[in-house]
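Undergrad: target22.cif is reproduced in full below (mmCIF, C-alpha atoms).
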data_model
#
loop_
_atom_site.label_atom_id
_atom_site.label_comp_id
_atom_site.auth_asym_id
_atom_site.auth_seq_id
_atom_site.Cartn_x
_atom_site.Cartn_y
_atom_site.Cartn_z
CA MET A 1 63.34 134.47 77.78
CA ASN A 2 59.99 133.41 79.23
CA PHE A 3 60.23 131.49 82.50
CA ASP A 4 56.48 131.40 83.14
CA TYR A 5 54.85 128.02 83.59
CA SER A 6 52.21 126.98 81.07
CA GLU A 7 48.52 127.15 81.88
CA GLU A 8 48.43 123.36 82.19
CA GLN A 9 51.36 123.37 84.62
CA ASN A 10 49.72 126.05 86.76
CA MET A 11 46.53 124.00 86.79
CA LEU A 12 48.57 120.98 87.86
CA ARG A 13 50.09 123.01 90.70
CA ASP A 14 46.66 124.24 91.81
CA SER A 15 45.17 120.75 91.80
CA ILE A 16 47.98 119.40 94.01
CA ALA A 17 47.72 122.34 96.41
CA LYS A 18 43.95 121.88 96.69
CA TRP A 19 44.31 118.14 97.31
CA ALA A 20 47.03 118.64 99.90
CA ALA A 21 45.02 121.26 101.79
CA GLY A 22 42.00 118.99 102.01
CA GLU A 23 43.40 115.47 102.14
CA TYR A 24 47.05 115.71 103.21
CA ASP A 25 47.17 118.20 106.03
CA PHE A 26 49.50 117.53 108.95
CA GLU A 27 47.03 115.44 110.94
CA LYS A 28 45.79 113.35 107.99
CA ARG A 29 49.37 112.77 106.91
CA LYS A 30 50.20 111.57 110.43
CA ALA A 31 47.25 109.15 110.35
CA ALA A 32 48.33 107.79 106.96
CA LEU A 33 51.86 107.23 108.26
CA ALA A 34 50.50 105.22 111.17
CA SER A 35 48.72 102.86 108.77
CA ASP A 36 50.47 100.14 106.79
CA ASP A 37 48.43 100.82 103.66
CA GLY A 38 47.40 104.46 104.14
CA TRP A 39 49.62 105.43 101.21
CA LYS A 40 47.55 103.39 98.72
CA LYS A 41 44.65 105.84 98.68
CA ASN A 42 47.06 108.71 98.06
CA TRP A 43 48.78 106.82 95.25
CA SER A 44 45.42 106.22 93.57
CA THR A 45 44.73 109.94 93.88
CA PHE A 46 48.06 110.74 92.22
CA ALA A 47 46.99 108.59 89.28
CA GLU A 48 43.53 110.22 89.11
CA LEU A 49 45.07 113.72 89.14
CA GLY A 50 47.44 112.76 86.31
CA LEU A 51 50.56 113.30 88.41
CA LEU A 52 52.05 109.92 87.52
CA ALA A 53 51.17 110.27 83.83
CA ALA A 54 52.21 113.92 83.45
CA PRO A 55 55.87 113.37 82.41
CA LEU A 56 55.30 110.17 80.41
CA PRO A 57 55.04 109.87 76.59
CA GLU A 58 51.52 109.97 75.19
CA GLU A 59 52.03 106.83 73.11
CA PHE A 60 52.53 104.83 76.30
CA GLY A 61 49.65 106.20 78.35
CA GLY A 62 51.21 109.44 79.55
CA LEU A 63 50.28 113.10 79.09
CA GLY A 64 53.38 114.04 77.09
CA GLY A 65 54.94 116.40 79.64
CA GLY A 66 58.50 116.40 80.87
CA ALA A 67 60.93 117.58 83.52
CA LEU A 68 59.15 120.90 84.13
CA ASP A 69 55.98 119.02 85.02
CA VAL A 70 58.00 116.97 87.51
CA ASN A 71 59.45 120.24 88.85
CA VAL A 72 55.92 121.52 89.58
CA VAL A 73 54.79 118.28 91.22
CA ALA A 74 57.96 117.92 93.31
CA GLU A 75 57.80 121.47 94.67
CA GLU A 76 54.18 121.04 95.75
CA PHE A 77 55.01 117.65 97.27
CA GLY A 78 57.80 119.36 99.20
CA LYS A 79 55.32 121.85 100.61
CA ALA A 80 52.97 119.03 101.66
CA LEU A 81 55.74 116.70 102.96
CA VAL A 82 54.52 113.88 100.73
CA VAL A 83 56.20 110.58 101.64
CA GLU A 84 54.90 108.36 98.82
CA PRO A 85 57.62 107.16 96.37
CA TYR A 86 56.90 109.56 93.51
CA VAL A 87 60.48 110.20 92.37
CA PRO A 88 61.65 106.55 92.51
CA THR A 89 58.72 105.52 90.30
CA ALA A 90 57.69 108.45 88.08
CA VAL A 91 61.20 109.85 87.59
CA ILE A 92 63.85 107.15 88.10
CA GLY A 93 61.90 104.09 86.99
CA ALA A 94 59.95 105.80 84.23
CA ASN A 95 63.00 107.59 82.80
CA ALA A 96 65.10 104.44 82.83
CA LEU A 97 62.38 102.87 80.69
CA LYS A 98 62.13 105.94 78.43
CA TYR A 99 65.89 106.13 77.85
CA SER A 100 66.74 102.47 77.42
CA GLY A 101 63.64 100.28 77.42
CA THR A 102 62.36 98.41 74.40
CA ASP A 103 58.94 99.27 72.99
CA ALA A 104 57.58 96.10 74.61
CA GLN A 105 59.01 97.10 78.00
CA LYS A 106 57.62 100.61 77.69
CA GLU A 107 54.24 99.26 76.69
CA GLU A 108 54.18 96.93 79.67
CA HIS A 109 55.43 99.28 82.38
CA LEU A 110 54.90 102.97 81.48
CA GLY A 111 51.14 102.63 81.10
CA ALA A 112 51.03 100.80 84.44
CA ILE A 113 53.02 103.62 86.08
CA ALA A 114 50.55 106.18 84.70
CA THR A 115 47.58 104.35 86.17
CA GLY A 116 49.26 103.74 89.52
CA GLU A 117 49.52 99.98 89.05
CA ARG A 118 53.32 99.87 88.87
CA ILE A 119 55.63 101.14 91.63
CA ILE A 120 59.39 100.92 91.16
CA ALA A 121 62.21 101.21 93.69
CA PHE A 122 65.81 101.85 92.62
CA GLY A 123 68.31 99.31 93.92
CA GLN A 124 71.53 101.15 93.17
CA ALA A 125 73.38 101.91 96.41
CA GLU A 126 75.33 99.24 98.23
CA PRO A 127 76.62 99.13 101.83
CA LYS A 128 80.13 100.30 100.87
CA SER A 129 79.49 102.25 97.68
CA ARG A 130 78.57 105.61 99.28
CA TRP A 131 77.47 107.75 96.28
CA ALA A 132 79.73 106.22 93.62
CA LEU A 133 77.39 105.03 90.87
CA ASN A 134 80.12 102.87 89.32
CA ASP A 135 80.84 101.00 92.59
CA VAL A 136 78.77 97.86 92.01
CA SER A 137 79.56 94.47 93.51
CA THR A 138 76.12 92.90 92.99
CA SER A 139 76.71 90.30 90.29
CA ALA A 140 74.66 89.14 87.32
CA LYS A 141 76.04 85.98 85.76
CA LYS A 142 74.88 84.65 82.41
CA ASP A 143 72.65 81.60 82.65
CA GLY A 144 71.47 80.50 79.23
CA ALA A 145 69.43 83.36 77.76
CA GLY A 146 68.96 84.96 81.19
CA TYR A 147 70.97 85.91 84.26
CA VAL A 148 71.36 84.98 87.92
CA LEU A 149 71.63 87.91 90.35
CA ASN A 150 73.37 87.90 93.74
CA GLY A 151 74.06 90.83 96.04
CA HIS A 152 72.81 93.36 98.57
CA LYS A 153 71.29 96.75 97.72
CA ALA A 154 71.00 99.34 100.48
CA VAL A 155 68.40 102.05 101.19
CA ALA A 156 66.17 101.40 98.20
CA LEU A 157 63.73 104.30 98.58
CA GLY A 158 60.13 103.21 98.10
CA GLY A 159 61.12 99.56 98.46
CA PRO A 160 58.29 98.62 100.84
CA GLN A 161 55.63 99.91 98.44
CA ALA A 162 57.27 98.74 95.21
CA ASP A 163 56.26 95.78 93.10
CA HIS A 164 59.33 96.01 90.82
CA LEU A 165 62.99 96.74 91.56
CA LEU A 166 65.35 98.54 89.19
CA ILE A 167 68.66 96.83 89.97
CA SER A 168 72.17 97.76 88.84
CA ALA A 169 74.40 94.69 88.66
CA ARG A 170 77.86 93.91 87.37
CA THR A 171 77.96 91.70 84.30
CA ALA A 172 81.65 92.29 83.57
CA GLY A 173 84.79 93.95 84.93
CA ALA A 174 86.00 94.86 88.42
CA GLN A 175 83.91 96.38 91.22
CA ARG A 176 84.57 100.04 90.35
CA ASP A 177 84.90 99.83 86.56
CA ALA A 178 82.74 102.21 84.56
CA ASN A 179 81.99 99.52 82.01
CA GLY A 180 80.36 96.20 82.85
CA ILE A 181 77.22 97.48 84.63
CA THR A 182 73.76 96.41 83.49
CA LEU A 183 70.27 97.44 84.60
CA PHE A 184 67.58 94.87 85.38
CA LEU A 185 63.89 95.48 86.08
CA VAL A 186 63.01 92.67 88.46
CA PRO A 187 59.62 91.79 89.99
CA LYS A 188 59.92 92.02 93.77
CA SER A 189 58.04 88.73 93.96
CA ALA A 190 60.80 86.88 92.06
CA GLY A 191 62.28 83.87 93.84
CA GLY A 192 65.38 84.74 95.86
CA VAL A 193 64.42 88.40 96.46
CA THR A 194 63.99 89.34 100.11
CA THR A 195 63.67 92.79 101.68
CA ARG A 196 64.02 94.34 105.10
CA ASP A 197 61.74 97.37 105.28
CA TYR A 198 62.08 100.36 107.60
CA PRO A 199 61.12 104.03 107.99
CA THR A 200 63.80 106.65 107.43
CA LEU A 201 64.50 109.78 109.49
CA ASP A 202 62.10 111.86 107.40
CA GLU A 203 59.26 109.28 107.60
CA THR A 204 59.62 107.96 104.07
CA ARG A 205 60.13 104.21 103.59
CA ALA A 206 63.14 102.26 102.34
CA SER A 207 64.36 98.67 102.06
CA GLU A 208 67.51 96.64 102.22
CA VAL A 209 67.25 94.34 99.22
CA TYR A 210 68.90 90.92 99.25
CA LEU A 211 69.31 88.97 96.02
CA GLU A 212 70.17 85.29 96.34
CA ASN A 213 70.37 83.32 93.10
CA VAL A 214 67.59 85.36 91.52
CA SER A 215 66.93 84.04 88.02
CA VAL A 216 65.74 86.64 85.51
CA ALA A 217 64.95 86.27 81.84
CA ALA A 218 66.51 88.30 79.05
CA GLU A 219 63.41 90.53 78.83
CA HIS A 220 64.23 91.86 82.30
CA VAL A 221 67.43 93.46 81.01
CA LEU A 222 66.94 97.21 80.52
CA GLY A 223 69.12 98.69 77.79
CA GLU A 224 72.52 97.50 76.64
CA VAL A 225 74.40 94.85 78.61
CA ASP A 226 77.60 96.20 80.24
CA SER A 227 76.80 99.83 79.29
CA ALA A 228 74.25 101.08 81.82
CA LEU A 229 76.37 103.64 83.69
CA PRO A 230 75.52 106.64 81.42
CA VAL A 231 71.82 105.86 81.82
CA ILE A 232 72.21 105.52 85.60
CA GLU A 233 74.03 108.87 85.75
CA ARG A 234 71.26 110.50 83.76
CA ILE A 235 68.35 109.14 85.80
CA VAL A 236 70.13 110.08 89.04
CA ASP A 237 70.55 113.64 87.72
CA ASP A 238 66.85 113.64 86.86
CA ALA A 239 66.06 112.51 90.40
CA ASN A 240 68.36 115.11 91.96
CA ALA A 241 66.70 117.90 89.98
CA ALA A 242 63.31 116.74 91.27
CA TYR A 243 64.63 116.50 94.82
CA CYS A 244 66.02 120.04 94.50
CA SER A 245 62.54 121.26 93.58
CA GLU A 246 61.09 119.34 96.51
CA ALA A 247 63.60 121.01 98.84
CA VAL A 248 62.50 124.41 97.53
CA GLY A 249 58.89 123.61 98.44
CA ALA A 250 59.98 122.54 101.93
CA MET A 251 62.09 125.69 102.42
CA ARG A 252 59.23 127.92 101.36
CA MET A 253 57.02 126.24 103.93
CA MET A 254 59.64 126.54 106.68
CA THR A 255 59.92 130.25 105.90
CA ALA A 256 56.14 130.77 105.91
CA LEU A 257 55.65 128.78 109.12
CA THR A 258 58.42 130.71 110.85
CA GLN A 259 56.94 134.06 109.83
CA GLU A 260 53.54 132.96 111.09
CA TYR A 261 54.98 131.75 114.39
CA ALA A 262 57.01 134.94 114.92
CA LYS A 263 53.92 137.10 114.48
CA GLY A 264 52.05 135.19 117.18
CA ARG A 265 54.87 134.53 119.68
CA LYS A 266 55.21 137.37 122.21
CA GLN A 267 58.28 138.27 124.24
CA PHE A 268 58.56 141.31 126.52
CA GLY A 269 55.02 142.22 125.54
CA ARG A 270 55.73 142.32 121.78
CA ALA A 271 55.54 139.83 118.93
CA ILE A 272 59.06 138.55 118.23
CA ALA A 273 58.45 139.43 114.56
CA ASP A 274 58.84 143.08 115.62
CA PHE A 275 62.48 142.56 116.58
CA GLN A 276 64.74 143.74 113.77
CA VAL A 277 67.33 140.98 114.13
CA LEU A 278 64.64 138.33 113.56
CA GLN A 279 63.17 140.30 110.67
CA HIS A 280 66.60 140.26 109.03
CA ARG A 281 66.94 136.53 109.65
CA MET A 282 63.53 135.80 108.09
CA VAL A 283 64.40 137.95 105.06
CA ASP A 284 67.58 135.89 104.66
CA MET A 285 65.46 132.73 104.82
CA PHE A 286 63.16 134.08 102.12
CA MET A 287 66.09 135.07 99.89
CA ALA A 288 67.74 131.66 100.31
CA SER A 289 64.47 129.95 99.29
CA GLU A 290 64.03 132.11 96.21
CA GLU A 291 67.64 131.72 95.08
CA SER A 292 67.21 127.97 95.51
CA TYR A 293 64.11 128.07 93.33
CA SER A 294 66.17 129.64 90.52
CA MET A 295 68.88 127.00 90.88
CA ALA A 296 66.35 124.16 90.86
CA LEU A 297 64.68 125.59 87.75
CA LEU A 298 68.03 125.93 85.97
CA ALA A 299 68.93 122.32 86.79
CA THR A 300 65.54 121.18 85.47
CA ILE A 301 65.94 123.13 82.22
CA LYS A 302 69.43 121.66 81.69
CA LEU A 303 68.37 118.02 82.02
CA ASP A 304 68.20 117.62 78.24
CA ALA A 305 71.60 119.26 77.67
CA ALA A 306 74.85 117.42 76.90
CA ASP A 307 75.98 115.08 79.67
CA ASP A 308 78.65 117.31 81.25
CA GLU A 309 76.54 120.45 81.04
CA ARG A 310 73.60 118.64 82.64
CA ALA A 311 75.79 117.21 85.37
CA ARG A 312 77.36 120.60 86.19
CA ALA A 313 73.94 122.25 86.45
CA VAL A 314 72.59 119.53 88.73
CA SER A 315 75.66 119.46 90.98
CA SER A 316 75.65 123.26 91.21
CA ALA A 317 72.01 123.17 92.29
CA LYS A 318 72.68 120.43 94.84
CA VAL A 319 75.50 122.45 96.40
CA SER A 320 73.56 125.72 96.54
CA ILE A 321 70.30 124.16 97.73
CA GLY A 322 72.01 121.89 100.23
CA LYS A 323 73.66 124.89 101.89
CA ALA A 324 70.49 126.99 101.71
CA SER A 325 68.24 124.29 103.14
CA ARG A 326 70.56 123.83 106.11
CA PHE A 327 70.54 127.57 106.80
CA VAL A 328 66.76 127.86 106.43
CA GLY A 329 66.14 124.80 108.60
CA GLN A 330 68.50 125.92 111.34
CA ALA A 331 67.06 129.43 111.34
CA ALA A 332 63.50 128.12 111.45
CA VAL A 333 64.24 125.86 114.40
CA GLN A 334 66.14 128.60 116.24
CA ILE A 335 63.30 131.12 115.89
CA HIS A 336 60.79 128.50 117.03
CA GLY A 337 62.97 127.76 120.05
CA GLY A 338 63.54 124.26 121.42
CA MET A 339 60.03 123.22 120.40
CA GLY A 340 61.03 123.58 116.75
CA MET A 341 62.29 119.99 116.63
CA THR A 342 59.37 118.38 118.45
CA ASP A 343 57.01 116.06 116.58
CA GLU A 344 54.13 118.43 117.27
CA MET A 345 55.68 121.25 115.21
CA ARG A 346 55.66 120.93 111.43
CA VAL A 347 58.83 122.91 110.93
CA GLY A 348 61.01 120.16 112.41
CA HIS A 349 59.59 117.62 109.98
CA TYR A 350 60.49 119.88 107.04
CA PHE A 351 64.02 120.27 108.36
CA LYS A 352 64.41 116.48 108.61
CA ARG A 353 63.15 116.11 105.05
CA THR A 354 65.55 118.68 103.58
CA THR A 355 68.41 117.07 105.52
CA MET A 356 67.59 113.74 103.91
CA LEU A 357 67.20 115.33 100.47
CA ASP A 358 70.66 116.87 100.82
CA SER A 359 72.14 113.40 101.45
CA THR A 360 70.23 111.58 98.71
CA PHE A 361 72.46 110.77 95.72
CA GLY A 362 75.30 112.92 97.04
CA ASN A 363 75.59 115.70 99.62
CA VAL A 364 77.10 119.20 99.31
CA ASP A 365 80.72 118.02 99.58
CA PHE A 366 80.23 115.25 97.03
CA HIS A 367 78.64 117.54 94.44
CA LEU A 368 81.14 120.33 95.03
CA LYS A 369 83.90 117.87 94.17
CA ARG A 370 81.93 116.58 91.18
CA PHE A 371 81.32 120.13 89.90
CA ALA A 372 85.01 120.98 90.25
CA GLY A 373 86.01 117.88 88.33
CA LEU A 374 83.57 118.59 85.51
CA SER A 375 84.66 122.23 85.32
CA ALA A 376 88.32 121.26 85.13
CA LYS A 377 87.47 118.82 82.37
CA ALA A 378 85.68 121.55 80.39
CA ALA A 379 88.51 124.06 80.80
#
Can you turn what I pasted into structure tokens?
TA:
Amino acid sequence: MNFDYSEEQNMLRDSIAKWAAGEYDFEKRKAALASDDGWKKNWSTFAELGLLAAPLPEEFGGLGGGALDVNVVAEEFGKALVVEPYVPTAVIGANALKYSGTDAQKEEHLGAIATGERIIAFGQAEPKSRWALNDVSTSAKKDGAGYVLNGHKAVALGGPQADHLLISARTAGAQRDANGITLFLVPKSAGGVTTRDYPTLDETRASEVYLENVSVAAEHVLGEVDSALPVIERIVDDANAAYCSEAVGAMRMMTALTQEYAKGRKQFGRAIADFQVLQHRMVDMFMASEESYSMALLATIKLDAADDERARAVSSAKVSIGKASRFVGQAAVQIHGGMGMTDEMRVGHYFKRTTMLDSTFGNVDFHLKRFAGLSAKAA
């Protein structure tokens, strides 16, 4: 079986690496973070390079790629510590439209995503829902042909940059019922929508989203009313596969940076890279990164499989990569010494990012339990 990337995917990887080396190095990234609109130039570049269009259907302005293209982009973004909301828009928002949008909705939004004109944040989590996708108390009550939304969505990644919000709301049933959930694609400028924006630990941006009597028309409903949970589960698996690839990129950089540091740092008149115990530790870091790459690739390949098979592959990757990224991050910081977690050292920023990736849409414990449940069901 051939696991090589296509020529186009390798070209995509090279173009991102070249851009990151010239326009997104550590200092330029820091300057962009200090600016309120520094991300806009980068987002325009993503559109120019075809990164936003790569996984989208050709008939709606995309390049006809798929999950493997996202895998390439996400890994390179992990290496560069990109903070712009690529996954919320190009994976979660775009795939929700691909799986359940009407042709009119796809025509309106997918082309705009490809050109960088549409940015979407996912309003799924709520203050008490943890990682349960079926735990939805935000309500959507029928009002003529449309709906009125009320509720609070927590930690909507990419919320400050977004112009549209993908909102899960309950149209029927009790708070934790599997049925009765509906997806809405709502303009952030709609009356009654307010946000509280903030930076997260890893320097990305998120929002608390408050919906107070937000009136939306029927055309803002995405997919079938009351039956959105399977679509939500699928787009979250898509996002987790991309985040696994991003974690691989970050781990590879932590390993490379640690090797570079160990060769230059001297102790007792010798480079610490000469000490066998640290050589063994850095080999373990390398092996953990490469094993994680295989798990992320498997999860990506399985995204089009049957629901349970896809879910098992993604949860397995999340467990393996979550454990590996913690080991690699801790080892990198330890070999760097106390300075490993200072803002001046890149390695600490990578460790913060992988820690956040582990907790996004379920941590190791959550996915271990999910994998066990799915395996018992299949037995």
Undergrad: If you measure from CA of Leu211 in chain A to CA of Asn150 in chain A, what distance in Å do you get, rounded to one decimal?
TA: 4.8 Å
Undergrad: Just so the selection is clear, what residues does the PyMOL selection byres ((chain A and resi 25-36) around 9) cover here, as JSON, numbers by chain?
TA: {"A": [20, 21, 22, 23, 24, 37, 38, 39, 80, 81, 82, 83, 203, 204, 346]}
Undergrad: Axis-aligned box over every listed atom of range 104-107 of chain A, padded by 6 Å per side: centre and edges in Å to one decimal, as AutoDock Vina command-line options?
TA:
--center_x 56.6 --center_y 98.4 --center_z 76.3 --size_x 16.8 --size_y 16.5 --size_z 15.4
Undergrad: So that I can see what lies close to Ser44 in chain A, please list as a list in words the residues with an atom at most 9 Å from it, counting only C-alpha atoms and leaving out residues fewer than 5 positions away in the same chain.
TA: Trp39, Leu49, Thr115, Gly116 and Glu117 of chain A
Undergrad: Give the answer as one residue: which of A:Phe60, A:Trp131, A:Phe275, A:Tyr86 has the shortest atom-to-atom distance to Val236 in chain A, using all atoms listed in the file?
TA: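 Among A:Phe60, A:Trp131, A:Phe275, A:Tyr86, it is A:Trp131 that comes nearest to Val236 in chain A.
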Undergrad: Evaluate the PyMOL selection byres ((chain A and resi 328) around 8) here and jot the selected residues down as a ChimeraX atom specification.
TA: /A:251,254-255,285,288-289,324-327,329-332
Undergrad: How many Å lie between CA of Arg170 in chain A and CA of Phe122 in chain A, rounded to one decimal?
TA: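 One can read the CA of Arg170 in chain A to CA of Phe122 in chain A distance as 15.4 Å.
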Undergrad: With only C-alpha atoms as the basis for distance, which of A:Met341, A:Ile321, A:Leu97, A:Val155 is at the shortest distance from Ala250 in chain A?
TA: A:Ile321
Undergrad: Do you have the CA of Ser375 in chain A-CA of Gln124 in chain A distance handy?
TA: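 These two atoms are separated by 26.0 Å.
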Undergrad: At a cut-off of 9 Å, using only C-alpha atoms, what residues contact range 98-113 of chain A? Leave out same-chain residues fewer than 3 positions from it and give the result as number ranges by chain.
TA: A: 47, 52-53, 56-57, 59-62, 89-90, 93-95, 116-120, 219-224, 228, 231, 235
Undergrad: Just the selected residues (C-alpha atoms), exported as a short mmCIF file (atom, residue, chain, number, x, y, z; two decimals), in the frame of the given file, please.
TA:
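In the end it all went to selection21.cif:
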data_model
loop_
_atom_site.label_atom_id
_atom_site.label_comp_id
_atom_site.auth_asym_id
_atom_site.auth_seq_id
_atom_site.Cartn_x
_atom_site.Cartn_y
_atom_site.Cartn_z
CA ALA A 47 46.99 108.59 89.28
CA LEU A 52 52.05 109.92 87.52
CA ALA A 53 51.17 110.27 83.83
CA LEU A 56 55.30 110.17 80.41
CA PRO A 57 55.04 109.87 76.59
CA GLU A 59 52.03 106.83 73.11
CA PHE A 60 52.53 104.83 76.30
CA GLY A 61 49.65 106.20 78.35
CA GLY A 62 51.21 109.44 79.55
CA THR A 89 58.72 105.52 90.30
CA ALA A 90 57.69 108.45 88.08
CA GLY A 93 61.90 104.09 86.99
CA ALA A 94 59.95 105.80 84.23
CA ASN A 95 63.00 107.59 82.80
CA GLY A 116 49.26 103.74 89.52
CA GLU A 117 49.52 99.98 89.05
CA ARG A 118 53.32 99.87 88.87
CA ILE A 119 55.63 101.14 91.63
CA ILE A 120 59.39 100.92 91.16
CA GLU A 219 63.41 90.53 78.83
CA HIS A 220 64.23 91.86 82.30
CA VAL A 221 67.43 93.46 81.01
CA LEU A 222 66.94 97.21 80.52
CA GLY A 223 69.12 98.69 77.79
CA GLU A 224 72.52 97.50 76.64
CA ALA A 228 74.25 101.08 81.82
CA VAL A 231 71.82 105.86 81.82
CA ILE A 235 68.35 109.14 85.80
#
Undergrad: Could you name the residues that touch Leu133 in chain A at 10 Å or less, counting all atoms listed in the file, but leaving out those on the same chain fewer than 2 positions away, as a PyMOL selection string?
TA: chain A and resi 124-126+129-131+135-136+168+176+178+181+229-230+232-233+236+361
Undergrad: With C-alpha atoms retained, could you export that selection as a tab-separated table (two decimals), in the frame of the given file?
TA:
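selection_4.tsv, written as the output of this step:
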chain	number	residue	atom	x	y	z
A	124	GLN	CA	71.53	101.15	93.17
A	125	ALA	CA	73.38	101.91	96.41
A	126	GLU	CA	75.33	99.24	98.23
A	129	SER	CA	79.49	102.25	97.68
A	130	ARG	CA	78.57	105.61	99.28
A	131	TRP	CA	77.47	107.75	96.28
A	135	ASP	CA	80.84	101.00	92.59
A	136	VAL	CA	78.77	97.86	92.01
A	168	SER	CA	72.17	97.76	88.84
A	176	ARG	CA	84.57	100.04	90.35
A	178	ALA	CA	82.74	102.21	84.56
A	181	ILE	CA	77.22	97.48	84.63
A	229	LEU	CA	76.37	103.64	83.69
A	230	PRO	CA	75.52	106.64	81.42
A	232	ILE	CA	72.21	105.52	85.60
A	233	GLU	CA	74.03	108.87	85.75
A	236	VAL	CA	70.13	110.08	89.04
A	361	PHE	CA	72.46	110.77	95.72
Undergrad: If the PyMOL selection byres ((chain A and resi 143-147) around 9) were run on this exact file, what residues would it hold? Put them as a compact mmCIF listing (two decimals) with C-alpha atoms, keeping the file's coordinate frame.
TA:
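Writing done, so here's selection_36.txt:
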# COMPACT_ATOMS: atom_id res chain seq x y z
CA ALA A 140 74.66 89.14 87.32
CA LYS A 141 76.04 85.98 85.76
CA LYS A 142 74.88 84.65 82.41
CA VAL A 148 71.36 84.98 87.92
CA LEU A 149 71.63 87.91 90.35
CA VAL A 214 67.59 85.36 91.52
CA SER A 215 66.93 84.04 88.02
CA VAL A 216 65.74 86.64 85.51
CA ALA A 217 64.95 86.27 81.84
CA ALA A 218 66.51 88.30 79.05
CA GLU A 219 63.41 90.53 78.83
CA HIS A 220 64.23 91.86 82.30
CA VAL A 221 67.43 93.46 81.01
Undergrad: Closest to Trp19 in chain A among A:Ala306, A:Leu51, A:Ala372, A:Val209, using all atoms listed in the file?
TA: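 Using all atoms listed in the file, the shortest distance to Trp19 in chain A belongs to A:Leu51.
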Undergrad: Closest to Lys352 in chain A among A:Thr200, A:Thr171, A:Ser137, A:Thr182, using only C-alpha atoms?
TA: A:Thr200
Undergrad: Identify which of the residues A:Tyr293, A:Phe77, A:Tyr350, A:Phe371 lies closest to Cys244 in chain A, counting all atoms listed in the file when measuring atom-to-atom distances.
TA: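 Using all atoms listed in the file, the shortest distance to Cys244 in chain A belongs to A:Tyr293.
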Undergrad: Under the rule that only C-alpha atoms are counted, which of A:Glu208, A:Asp308, A:Asp358, A:Glu246 is the nearest residue to Gly373 in chain A?
TA: A:Asp308
Undergrad: Reconstruct range 341-352 of chain A at the level of N, CA and C atoms, and format the result as a PDB file, keeping the file's coordinate frame.
TA:
ATOM      1  N   MET A 341      61.966 121.354 117.059  1.00  0.00           N
ATOM      2  CA  MET A 341      62.290 119.990 116.630  1.00  0.00           C
ATOM      3  C   MET A 341      61.377 118.941 117.238  1.00  0.00           C
ATOM      4  N   THR A 342      60.308 119.357 117.901  1.00  0.00           N
ATOM      5  CA  THR A 342      59.370 118.380 118.450  1.00  0.00           C
ATOM      6  C   THR A 342      58.455 117.854 117.355  1.00  0.00           C
ATOM      7  N   ASP A 343      57.895 116.662 117.572  1.00  0.00           N
ATOM      8  CA  ASP A 343      57.010 116.060 116.580  1.00  0.00           C
ATOM      9  C   ASP A 343      55.739 116.874 116.376  1.00  0.00           C
ATOM     10  N   GLU A 344      55.371 117.665 117.370  1.00  0.00           N
ATOM     11  CA  GLU A 344      54.130 118.430 117.270  1.00  0.00           C
ATOM     12  C   GLU A 344      54.249 119.618 116.325  1.00  0.00           C
ATOM     13  N   MET A 345      55.468 120.075 116.056  1.00  0.00           N
ATOM     14  CA  MET A 345      55.680 121.250 115.210  1.00  0.00           C
ATOM     15  C   MET A 345      56.075 120.819 113.805  1.00  0.00           C
ATOM     16  N   ARG A 346      55.390 121.328 112.813  1.00  0.00           N
ATOM     17  CA  ARG A 346      55.660 120.930 111.430  1.00  0.00           C
ATOM     18  C   ARG A 346      57.055 121.293 110.961  1.00  0.00           C
ATOM     19  N   VAL A 347      57.570 122.403 111.460  1.00  0.00           N
ATOM     20  CA  VAL A 347      58.830 122.910 110.930  1.00  0.00           C
ATOM     21  C   VAL A 347      59.966 121.902 111.094  1.00  0.00           C
ATOM     22  N   GLY A 348      59.969 121.167 112.206  1.00  0.00           N
ATOM     23  CA  GLY A 348      61.010 120.160 112.410  1.00  0.00           C
ATOM     24  C   GLY A 348      60.949 119.037 111.397  1.00  0.00           C
ATOM     25  N   HIS A 349      59.753 118.676 110.980  1.00  0.00           N
ATOM     26  CA  HIS A 349      59.590 117.620 109.980  1.00  0.00           C
ATOM     27  C   HIS A 349      60.136 118.079 108.616  1.00  0.00           C
ATOM     28  N   TYR A 350      59.928 119.352 108.294  1.00  0.00           N
ATOM     29  CA  TYR A 350      60.490 119.880 107.040  1.00  0.00           C
ATOM     30  C   TYR A 350      62.013 119.891 107.093  1.00  0.00           C
ATOM     31  N   PHE A 351      62.566 120.239 108.239  1.00  0.00           N
ATOM     32  CA  PHE A 351      64.020 120.270 108.360  1.00  0.00           C
ATOM     33  C   PHE A 351      64.603 118.861 108.205  1.00  0.00           C
ATOM     34  N   LYS A 352      63.956 117.869 108.783  1.00  0.00           N
ATOM     35  CA  LYS A 352      64.410 116.480 108.610  1.00  0.00           C
ATOM     36  C   LYS A 352      64.353 116.082 107.140  1.00  0.00           C
TER      37      LYS A 352
END
